[in-house]
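Q: Submitted below is the structure of interest, expressed as structure tokens.
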Amino acid sequence: MVLALLVSGCTTGNRGAWLKISGYTQGTTYNITYQDPDSTDYQEQLVKLLGEFDQSLSTYIPSSIVSRMNQGIPDVVADEYFRICFLAAEEVYAATGGAFDITVAPVVNAWGFGFTERSRVDSALIDSLLQFVGMNKVSLRENKLVREREGMMLDMNAIAQGYAVDVLAEFFDAENIENYLVEIGGEVRCSGKNRFGLDWRIGIDKPIDGLQLPGVQMQAIVQISGRSLATSGNYRRFYEEDGIKYSHTIDPSTGYPVQHGLLSATVVASDCMRADAYATAFMVMGYERARRFLEKHTYLDAYLIFNDEMGEYRVWYTAGMEKILSEEL
Ligand code: AMP
Ligand code: MG
């Protein structure tokens, strides 16, 4: 879904003009900065790409491939976007012991964070919905979704946004654009250098409840090139009732919103799709489990912000993350 788009020319360097494109997609904003020797305006092509992408993976478009599968329509055929995203989701599901699970959709919907009205939740409802959860109960066969149980549904929201960033980044790669940054709703992928000839600088926000605007209160700055960064946290999407905070991250093993001290997880990986998925998985796992996972899987870098048992605000990050943190904020 693209509502508005602005293109404005910027400074010219030796490798061409710096251009900016911003707009709305997938219920959030996007910002793209790139340097192009020919000053090409890619606006139309990017809008078209995002439109095709949403027709595959957006649960907010009733006619999309994923929505039609979720409606139980038989023989819906997956396209390449769907296939790549589904396979990556299976991979992260397996790697995280099921913490990341896109079949959590019916439970996400019941708690009011999905694509249907919120239900009156009690433990009986959650128990009954858990029968429909488990990525080991679905597979893609000849590009069609096979599910063990009718009523099983997929929620791509924790991975598709990161994947959309990859799709746009790969578009720029194919156009031989060397220096760019693609950002959708805070998920980022960048290549080459910024306009100052340096690695790109990307801020990690402080996880303050209700803080909607990024970049206002920064925790740290990461300097990267040729990599992606994604953050998950429960400070933007949650609700409170009777003094209890309900987050939009659901633990698929219990069917309940997670309740622990991990406030946000920022992941740096080569592709944004996996950075996005793992950031969500870490929010499910919580600080201790996420840290143990990261100490074993060094291909991922992460920055975790959490409250410890004493309620103290703390941070922990991987050795690889330490190398790319900026000295100054
Ligand atoms: P993100 O902001 O990337 O962490 O994605 C959060 C969204 O992912 C939620 O709003 C749900 O739609 C969905 N979600 C919630 N819990 C899970 C989970 N355990 N595995 C996969 N997706 C989830
Ligand atoms: Mg995610």
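Quick note on naming: the chains in the structure tokens go A, B, ... in the order shown, residues restart at 1 in each chain, and ligands are numbered from 1 in order of appearance.
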Can you pull out every residue with an atom within 6 Å of ligand 2? Use only C-alpha atoms and all ligand atoms and format it as a ChimeraX atom specification.
A: /A:158-159,232,276-277,279-280
Q: Mind dumping the selected residues with N, CA, C and O atoms as an mmCIF file, in the first residue's frame?
A:
data_model
loop_
_atom_site.group_PDB
_atom_site.id
_atom_site.type_symbol
_atom_site.label_atom_id
_atom_site.label_comp_id
_atom_site.auth_asym_id
_atom_site.auth_seq_id
_atom_site.Cartn_x
_atom_site.Cartn_y
_atom_site.Cartn_z
ATOM 1 N N ALA A 158 6.233 -10.566 11.118
ATOM 2 C CA ALA A 158 7.519 -10.484 11.805
ATOM 3 C C ALA A 158 8.704 -10.710 10.874
ATOM 4 O O ALA A 158 9.846 -10.643 11.299
ATOM 5 N N ILE A 159 8.428 -10.968 9.599
ATOM 6 C CA ILE A 159 9.507 -11.287 8.663
ATOM 7 C C ILE A 159 9.363 -10.553 7.320
ATOM 8 O O ILE A 159 10.355 -10.218 6.679
ATOM 9 N N SER A 232 13.156 -5.422 17.203
ATOM 10 C CA SER A 232 11.830 -5.746 17.725
ATOM 11 C C SER A 232 11.768 -5.276 19.160
ATOM 12 O O SER A 232 12.761 -5.343 19.875
ATOM 13 N N ASP A 276 15.106 -9.400 10.780
ATOM 14 C CA ASP A 276 13.743 -9.143 11.254
ATOM 15 C C ASP A 276 13.191 -10.350 12.021
ATOM 16 O O ASP A 276 12.695 -10.231 13.154
ATOM 17 N N ALA A 277 13.316 -11.527 11.420
ATOM 18 C CA ALA A 277 12.761 -12.739 12.044
ATOM 19 C C ALA A 277 13.469 -13.055 13.369
ATOM 20 O O ALA A 277 12.812 -13.358 14.374
ATOM 21 N N ALA A 279 15.055 -10.979 15.314
ATOM 22 C CA ALA A 279 14.750 -9.962 16.333
ATOM 23 C C ALA A 279 13.449 -10.335 17.053
ATOM 24 O O ALA A 279 13.363 -10.257 18.284
ATOM 25 N N THR A 280 12.461 -10.775 16.305
ATOM 26 C CA THR A 280 11.196 -11.212 16.914
ATOM 27 C C THR A 280 11.429 -12.458 17.773
ATOM 28 O O THR A 280 10.927 -12.543 18.906
#
Q: Give as a ChimeraX atom specification the residues surrounding ligand 1 up to a distance of 7 Å, considering only C-alpha atoms and all ligand atoms.
A: /A:99-102,104-105,108,113-114,155-159,232-233,248-252,276-277,279-281,284
Q: Output the selection as a short mmCIF file (atom, residue, chain, number, x, y, z; two decimals), in the first residue's frame - N, CA, C and O atoms for each residue.
A:
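This is the output file again18.cif:
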data_model
loop_
_atom_site.label_atom_id
_atom_site.label_comp_id
_atom_site.auth_asym_id
_atom_site.auth_seq_id
_atom_site.Cartn_x
_atom_site.Cartn_y
_atom_site.Cartn_z
N ALA A 99 10.54 -20.72 18.69
CA ALA A 99 10.22 -19.39 19.25
C ALA A 99 9.65 -18.49 18.16
O ALA A 99 8.72 -17.71 18.39
N PHE A 100 10.21 -18.62 16.96
CA PHE A 100 9.67 -17.89 15.81
C PHE A 100 8.75 -18.83 15.06
O PHE A 100 9.16 -19.91 14.64
N ASP A 101 7.49 -18.46 14.93
CA ASP A 101 6.53 -19.37 14.30
C ASP A 101 5.40 -18.58 13.65
O ASP A 101 4.55 -18.02 14.33
N ILE A 102 5.39 -18.54 12.32
CA ILE A 102 4.39 -17.73 11.61
C ILE A 102 2.99 -18.34 11.67
O ILE A 102 2.02 -17.66 11.36
N VAL A 104 1.48 -18.77 14.27
CA VAL A 104 0.90 -18.21 15.50
C VAL A 104 -0.30 -17.29 15.19
O VAL A 104 -0.97 -16.80 16.10
N ALA A 105 -0.57 -17.09 13.89
CA ALA A 105 -1.62 -16.14 13.45
C ALA A 105 -2.94 -16.21 14.23
O ALA A 105 -3.44 -15.16 14.67
N VAL A 108 -2.38 -14.61 17.59
CA VAL A 108 -2.14 -13.17 17.44
C VAL A 108 -3.47 -12.45 17.20
O VAL A 108 -3.76 -11.42 17.81
N PHE A 113 -3.89 -8.39 17.93
CA PHE A 113 -2.75 -7.81 17.22
C PHE A 113 -2.68 -8.24 15.76
O PHE A 113 -1.67 -8.07 15.11
N GLY A 114 -3.75 -8.85 15.28
CA GLY A 114 -3.68 -9.41 13.94
C GLY A 114 -4.60 -8.73 12.96
O GLY A 114 -4.82 -7.52 13.04
N ASP A 155 1.01 -15.72 9.69
CA ASP A 155 1.22 -14.31 9.99
C ASP A 155 2.65 -13.96 9.58
O ASP A 155 3.61 -14.41 10.20
N MET A 156 2.79 -13.19 8.53
CA MET A 156 4.12 -12.88 7.98
C MET A 156 4.70 -11.59 8.55
O MET A 156 5.77 -11.14 8.12
N ASN A 157 3.99 -10.95 9.48
CA ASN A 157 4.38 -9.59 9.89
C ASN A 157 5.75 -9.49 10.55
O ASN A 157 6.33 -8.41 10.57
N ALA A 158 6.23 -10.57 11.12
CA ALA A 158 7.52 -10.48 11.80
C ALA A 158 8.70 -10.71 10.87
O ALA A 158 9.85 -10.64 11.30
N ILE A 159 8.43 -10.97 9.60
CA ILE A 159 9.51 -11.29 8.66
C ILE A 159 9.36 -10.55 7.32
O ILE A 159 10.36 -10.22 6.68
N SER A 232 13.16 -5.42 17.20
CA SER A 232 11.83 -5.75 17.73
C SER A 232 11.77 -5.28 19.16
O SER A 232 12.76 -5.34 19.87
N GLY A 233 10.61 -4.82 19.56
CA GLY A 233 10.47 -4.37 20.93
C GLY A 233 9.01 -4.30 21.28
O GLY A 233 8.15 -4.32 20.40
N HIS A 248 2.71 -7.49 21.71
CA HIS A 248 2.30 -8.12 20.45
C HIS A 248 3.20 -9.31 20.07
O HIS A 248 3.00 -9.91 19.03
N THR A 249 4.15 -9.63 20.92
CA THR A 249 4.97 -10.82 20.68
C THR A 249 4.37 -11.97 21.47
O THR A 249 4.22 -11.89 22.69
N ILE A 250 4.03 -13.03 20.75
CA ILE A 250 3.36 -14.16 21.38
C ILE A 250 4.33 -15.33 21.50
O ILE A 250 5.03 -15.66 20.55
N ASP A 251 4.36 -15.94 22.67
CA ASP A 251 5.16 -17.16 22.82
C ASP A 251 4.33 -18.32 22.27
O ASP A 251 3.31 -18.69 22.85
N PRO A 252 4.77 -18.91 21.14
CA PRO A 252 3.95 -19.96 20.51
C PRO A 252 3.80 -21.21 21.39
O PRO A 252 2.89 -21.99 21.18
N ASP A 276 15.11 -9.40 10.78
CA ASP A 276 13.74 -9.14 11.25
C ASP A 276 13.19 -10.35 12.02
O ASP A 276 12.70 -10.23 13.15
N ALA A 277 13.32 -11.53 11.42
CA ALA A 277 12.76 -12.74 12.04
C ALA A 277 13.47 -13.05 13.37
O ALA A 277 12.81 -13.36 14.37
N ALA A 279 15.05 -10.98 15.31
CA ALA A 279 14.75 -9.96 16.33
C ALA A 279 13.45 -10.34 17.05
O ALA A 279 13.36 -10.26 18.28
N THR A 280 12.46 -10.78 16.31
CA THR A 280 11.20 -11.21 16.91
C THR A 280 11.43 -12.46 17.77
O THR A 280 10.93 -12.54 18.91
N ALA A 281 12.19 -13.41 17.24
CA ALA A 281 12.46 -14.65 17.98
C ALA A 281 13.11 -14.34 19.33
O ALA A 281 12.75 -14.93 20.36
N VAL A 284 10.77 -13.32 21.93
CA VAL A 284 10.05 -14.48 22.51
C VAL A 284 10.96 -15.19 23.52
O VAL A 284 10.53 -15.56 24.62
#
Q: In range 83-255 of chain A, what's strand (DSSP E or B) per DSSP? Answer as a PyMOL selection string?
A: chain A and resi 138-141+144-147+180-184+187-191+200-205+218-224+228-233+238-241+244-247+250-251
Q: Give me the residues within 10 Å of Ser119 in chain A as an mmCIF file with C-alpha atoms, in the first residue's frame, counting only C-alpha atoms and dropping any in the same chain fewer than 4 places off.
A:
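Saved the output as around26.cif:
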data_model
loop_
_atom_site.group_PDB
_atom_site.id
_atom_site.type_symbol
_atom_site.label_atom_id
_atom_site.label_comp_id
_atom_site.auth_asym_id
_atom_site.auth_seq_id
_atom_site.Cartn_x
_atom_site.Cartn_y
_atom_site.Cartn_z
ATOM 1 C CA VAL A 107 -3.458 -16.571 18.546
ATOM 2 C CA ASN A 109 -5.624 -12.445 16.089
ATOM 3 C CA ALA A 110 -7.306 -13.501 19.336
ATOM 4 C CA TRP A 111 -5.121 -11.137 21.343
ATOM 5 C CA GLY A 112 -6.064 -8.276 19.021
ATOM 6 C CA LEU A 125 -9.756 -20.318 23.989
#
Q: Let me make sure I understand: among A:Ile202, A:Cys85, A:Met153, A:Ala94, which one has the smallest atom-to-atom distance to Pro106 in chain A if we use only C-alpha atoms?
A: A:Met153
Q: Mind the document's chain letters and residue numbers, and return as a PyMOL selection string the residues of range 285-322 of chain A that DSSP labels alpha helix (DSSP H).
A: chain A and resi 285-296+319-322
Q: Just want the 8 Å neighbourhood of Asp127 in chain A, counted on only C-alpha atoms, with same-chain residues fewer than 4 positions away dropped. Output as a PyMOL selection string.
A: chain A and resi 123+131+255
Q: Write out the residues from the selection above, keeping N, CA, C and O atoms, as a compact mmCIF listing (two decimals), in the first residue's frame.
A:
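Output file part-v4.txt follows:
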# COMPACT_ATOMS: atom_id res chain seq x y z
N SER A 123 -8.23 -19.04 29.04
CA SER A 123 -7.26 -20.13 28.81
C SER A 123 -7.86 -21.22 27.93
O SER A 123 -7.14 -21.86 27.16
N GLN A 131 -3.99 -25.70 18.92
CA GLN A 131 -4.02 -26.84 17.98
C GLN A 131 -3.68 -26.39 16.56
O GLN A 131 -3.30 -27.20 15.73
N GLY A 255 0.95 -19.58 23.90
CA GLY A 255 -0.17 -18.83 23.33
C GLY A 255 -0.40 -17.49 24.01
O GLY A 255 -1.37 -16.80 23.71
Q: Kindly indicate which residue among A:Val258, A:Arg237, A:Ser67, A:Met321 lies nearest to Asp209 in chain A, using only C-alpha atoms for the distances.
A: A:Arg237
Q: Find the residue from A:Arg314, A:Arg120, A:Lys296, A:Lys206 that sits nearest to Thr231 in chain A; use only C-alpha atoms when measuring.
A: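 Among the listed residues, the smallest separation from Thr231 in chain A belongs to A:Lys206.
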Q: If we count only C-alpha atoms, what is near range 75-84 of chain A at a cut-off of 9 Å, once residues fewer than 3 positions away on the same chain are taken out, given as a PyMOL selection string?
A: chain A and resi 53+56-57+65-66+68-69+72+87-89+140+142-145+163+167
